[in-house]
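*Asks:* Before anything else, here's the structure in question.
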Amino acid sequence: LFLSVPATLTYDTLRFEYEDFPETKEPVWILGRKYSVFTEKEEILLDVTSRLWFTYRKNFPAIGGTGPTSDTGWGCMLRCGQMIFAQALVCRHLGRDWRWIKGKRQMDNYFNVLNAFIDKKDSYYSIHQIAQMGVGEGKSIGQWYGPNTVAQVLKKLATFDTWSSLAVHIAMDNTVVMEEIRRLCQSNFACAGAAACPAVESDVLYNGYPEEAGVRDRLSLWKPLVLLIPLRLGLTEINEAYIETLKHCFMMPQSLGVIGGKPNSAHYFIGYVGEELIYLDPHTTQPAVEPTDSGCLPDESFHCQHPPCRMSIAELDPSIAVGFFCNTEEDFNDWCQQIKKLSLVRGALPMFELVERQPSHFSNPDVLNLTPDSSDADRLERFFDSEDEDFEILSL
């Protein structure tokens, strides 16, 4: 009698298959931090474990009330989008130096960040919200997303997250326009609307965030920036000329990593060592997590507690989205200087262009300022989704 092999491996069955880090003199880069395998292996693993790890889940409330109760087989890019955005929220509310240690009590802001991604309809960035917001972009629930699509959907969802008060910019046409970003990030103090300038006395909006900090943020002249850059680095495989530039993106302190993958599966890339990318893999189905009776949220399954996966950079699918977080205007100016220097690195082909003003050949700039009630899906369609056919749904 032969037993059928389950389509989805569990976390426990996978844990023994991961290779440890190679013993190499090459530096290990994780989201802007440089490590040595020989002297800092524990620090590397702690850094990786501290990232929020979102995987397939099963038995969550039905999406839309009657839709799927699991995202196995279709939600891997949505989970990668959650991971890159969660890293932005961690940097925003906890800082890049924050670490998760098993069994150690965490601050309220950590749970506020985690709750924003829990699998239920009223979490800011839940699989429910992403899937349903995607319907407005012509994606039916359960349909595959590419990195570009998930970036567009997350940008729309971020407008509801008044606690984080992020400026999300998606740089299209392989071009980052500095003027557009400054205008977006400096709109914070104009108080054009309630979302940009919430009432001081409203504790609810800050969702556990200290009130005085909320006031300070509101009066600052820069809204923290999440910059996502969808790119195509080749036709069917990555052009070798981009590899050095891609590596440098992981070396920048503003790095949020990269979402993309290899044919048939999406991954969240957080660094590299030698010629290998280091990534978190969402292709593990875990049960949905619900708060306990006391209101606590069991969080261990949201942290990858085994050595991370690695793959050759040459295997990377050419459709990716690169992410950066600039908490202050100084961070953004520093990032711009690094990008300009990168164009001078020998053998490194620029992946995108950095310009001061919008080139005249650009399409309508309204696409950069979507509002939650935007209904111009047809007009926007040409700006994204072109990469989606390059990813295929996993066969189960």
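Naming scheme: A, B, ... for chains in displayed order of the structure tokens; residues 1 onward per chain; ligands 1 onward as shown.
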If you run DSSP over the backbone, which residues in region 73-264 of chain A end up alpha helix (DSSP H)? Put them as a PyMOL selection string.
*Replies:* chain A and resi 76-93+108-115+127-135+147-158+178-185+203-206+211-219+243-251
*Asks:* Compile the contact shell of region 26-38 of chain A as a list in words: residues with an atom at most 6 Å away, counting only C-alpha atoms, same-chain residues fewer than 4 positions apart removed.
*Replies:*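 Near neighbours after the sequence-gap exclusion: Phe250, Met251, Met252, Pro253, Ser255, Ile270, Gly271, Tyr272, Val273 and Gly274 of chain A.
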*Asks:* Restricting the output to all heavy atoms, write the selected residues as a short mmCIF file (atom, residue, chain, number, x, y, z; two decimals), in the first residue's frame.
*Replies:*
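Just written: out_24.cif:
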data_model
loop_
_atom_site.label_atom_id
_atom_site.label_comp_id
_atom_site.auth_asym_id
_atom_site.auth_seq_id
_atom_site.Cartn_x
_atom_site.Cartn_y
_atom_site.Cartn_z
N PHE A 250 21.45 45.20 -1.68
CA PHE A 250 21.38 44.56 -0.36
C PHE A 250 22.40 45.17 0.62
O PHE A 250 22.31 44.94 1.82
CB PHE A 250 21.64 43.05 -0.48
CG PHE A 250 20.57 42.31 -1.21
CD1 PHE A 250 20.80 41.78 -2.47
CD2 PHE A 250 19.32 42.11 -0.64
CE1 PHE A 250 19.81 41.08 -3.15
CE2 PHE A 250 18.32 41.41 -1.30
CZ PHE A 250 18.57 40.90 -2.57
N MET A 251 23.38 45.90 0.09
CA MET A 251 24.40 46.50 0.95
C MET A 251 23.98 47.87 1.49
O MET A 251 24.60 48.38 2.42
CB MET A 251 25.70 46.64 0.15
CG MET A 251 26.27 45.30 -0.30
SD MET A 251 27.48 45.42 -1.66
CE MET A 251 28.83 46.22 -0.85
N MET A 252 22.93 48.43 0.94
CA MET A 252 22.51 49.76 1.38
C MET A 252 21.73 49.68 2.69
O MET A 252 20.87 48.81 2.84
CB MET A 252 21.65 50.41 0.29
CG MET A 252 22.39 50.65 -1.00
SD MET A 252 21.32 51.37 -2.26
CE MET A 252 22.44 51.35 -3.67
N PRO A 253 21.99 50.60 3.63
CA PRO A 253 21.27 50.55 4.90
C PRO A 253 19.76 50.75 4.75
O PRO A 253 18.99 50.37 5.61
CB PRO A 253 21.90 51.69 5.72
CG PRO A 253 22.64 52.54 4.74
CD PRO A 253 23.01 51.67 3.59
N SER A 255 17.96 49.22 2.58
CA SER A 255 17.42 48.06 1.87
C SER A 255 16.24 47.41 2.59
O SER A 255 16.31 47.13 3.80
CB SER A 255 18.52 47.01 1.67
OG SER A 255 17.98 45.83 1.09
N ILE A 270 16.53 38.60 1.09
CA ILE A 270 16.95 39.54 2.14
C ILE A 270 18.45 39.80 2.13
O ILE A 270 18.94 40.62 2.90
CB ILE A 270 16.52 39.05 3.54
CG1 ILE A 270 17.08 37.65 3.82
CG2 ILE A 270 15.00 39.07 3.67
CD1 ILE A 270 16.84 37.17 5.25
N GLY A 271 19.20 39.12 1.26
CA GLY A 271 20.64 39.35 1.25
C GLY A 271 21.34 38.41 0.30
O GLY A 271 20.71 37.73 -0.52
N TYR A 272 22.67 38.38 0.41
CA TYR A 272 23.44 37.48 -0.45
C TYR A 272 24.76 37.14 0.22
O TYR A 272 25.24 37.84 1.12
CB TYR A 272 23.68 38.10 -1.83
CG TYR A 272 24.80 39.11 -1.88
CD1 TYR A 272 26.09 38.73 -2.24
CD2 TYR A 272 24.59 40.44 -1.55
CE1 TYR A 272 27.14 39.65 -2.28
CE2 TYR A 272 25.63 41.37 -1.59
CZ TYR A 272 26.90 40.96 -1.94
OH TYR A 272 27.93 41.86 -1.97
N VAL A 273 25.35 36.03 -0.24
CA VAL A 273 26.71 35.65 0.13
C VAL A 273 27.34 35.05 -1.12
O VAL A 273 26.78 34.15 -1.73
CB VAL A 273 26.73 34.66 1.32
CG1 VAL A 273 25.88 33.42 1.06
CG2 VAL A 273 28.17 34.26 1.66
N GLY A 274 28.49 35.61 -1.53
CA GLY A 274 29.11 35.12 -2.76
C GLY A 274 28.20 35.31 -3.95
O GLY A 274 27.73 36.42 -4.22
#
*Asks:* So that I can see what lies close to Cys296 (chain A), please list as a count of residues only the residues with an atom at most 12 Å from it, counting only C-alpha atoms and leaving out residues fewer than 6 positions away in the same chain.
*Replies:* 9
*Asks:* Rank nothing, just name the residue among A:Arg183, A:Lys247, A:His306, A:His267 nearest to Ser319 (chain A), using only C-alpha atoms.
*Replies:* A:His267
*Asks:* Neighbouring residues of region 323-334 of chain A were defined as those with any atom within 7 Å, considering only C-alpha atoms; residues of the same chain fewer than 2 positions away were excluded. Please report them as a list in words.
*Replies:* Ala88, Arg92, Trp222, Pro224, Leu225, Val226, Leu227, Leu228, Ile229, Gln254, Ser255, Leu256, Gly257, Val258, Ala321, Cys336, Gln337 and Gln338 of chain A
*Asks:* Neighbouring residues of region 276-288 of chain A were defined as those with any atom within 8 Å, considering only C-alpha atoms; residues of the same chain fewer than 3 positions away were excluded. Please report them as number ranges by chain.
*Replies:* A: 8-11, 53-60, 72, 76, 79-80, 119, 266-273, 301, 304, 308-313
*Asks:* So the first atom is CA of Phe117 (chain A) and the second is CA of Lys41 (chain A); what is the distance between them in Å, to one decimal place?
*Replies:*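 Distance between the two atoms: 29.2 Å.
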*Asks:* Please determine, counting only C-alpha atoms, which residue among A:Arg346, A:Lys341, A:His248, A:Arg232 has the shortest atom-to-atom distance to Gly260 (chain A).
*Replies:*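 The shortest atom-to-atom distance to Gly260 (chain A) comes from A:Arg232.
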*Asks:* Neighbours of Ile63 (chain A) within 9 Å (only C-alpha atoms; same-chain residues fewer than 6 positions away dropped), as a list of chain:residue names?
*Replies:* A:Thr69, A:Ser70, A:Lys120, A:Lys121, A:Ile127, A:His128, A:Gln129, A:Ala131, A:Gln132, A:Ile141
*Asks:* Take the residues that were just selected and, keeping C-alpha atoms, output them as an mmCIF file, in the first residue's frame.
*Replies:*
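Saved to part.cif:
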data_model
loop_
_atom_site.group_PDB
_atom_site.id
_atom_site.type_symbol
_atom_site.label_atom_id
_atom_site.label_comp_id
_atom_site.auth_asym_id
_atom_site.auth_seq_id
_atom_site.Cartn_x
_atom_site.Cartn_y
_atom_site.Cartn_z
ATOM 1 C CA THR A 69 -9.822 29.602 3.527
ATOM 2 C CA SER A 70 -6.230 28.827 2.472
ATOM 3 C CA LYS A 120 -8.476 38.334 8.932
ATOM 4 C CA LYS A 121 -10.472 40.893 6.987
ATOM 5 C CA ILE A 127 -4.176 38.222 2.716
ATOM 6 C CA HIS A 128 -7.891 39.130 2.733
ATOM 7 C CA GLN A 129 -7.230 42.806 2.092
ATOM 8 C CA ALA A 131 -6.725 39.621 -2.430
ATOM 9 C CA GLN A 132 -9.829 41.809 -2.351
ATOM 10 C CA ILE A 141 -9.374 36.113 -5.691
#
*Asks:* According to DSSP computed on the backbone, where in region 138-335 of chain A is there strand (DSSP E or B)? Give the residues as an MDAnalysis selection string.
*Replies:* chainID A and resid 167:170 175:177 225:232 255:262 265:273 276:280 286:287 309:312 319:326
*Asks:* Find the residue from A:Glu300, A:Gly261, A:Gly64, A:Asp317 that sits nearest to Asp122 (chain A); use only C-alpha atoms when measuring.
*Replies:*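 Closest to Asp122 (chain A), using only C-alpha atoms: A:Gly64.
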*Asks:* Would you compute the distance between CA of Pro291 (chain A) and CA of Cys91 (chain A)? Give it in Å to one decimal.
*Replies:*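 Straight-line distance from CA of Pro291 (chain A) to CA of Cys91 (chain A) works out to 24.2 Å.
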*Asks:* Can you work out the spacing between CA of Ser294 (chain A) and CA of Lys102 (chain A) in Å, to one decimal?
*Replies:*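 One can read the CA of Ser294 (chain A) to CA of Lys102 (chain A) distance as 19.4 Å.
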*Asks:* Name the residues in contact with region 93-99 of chain A at a cut-off of 8 Å, using only C-alpha atoms, excluding same-chain residues fewer than 6 positions from it; report them as a list in words.
*Replies:*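 Counting only C-alpha atoms, the residues come to Leu46, Asp47, Ser50, Asn109, Tyr110, Val113 and Ser164 of chain A.
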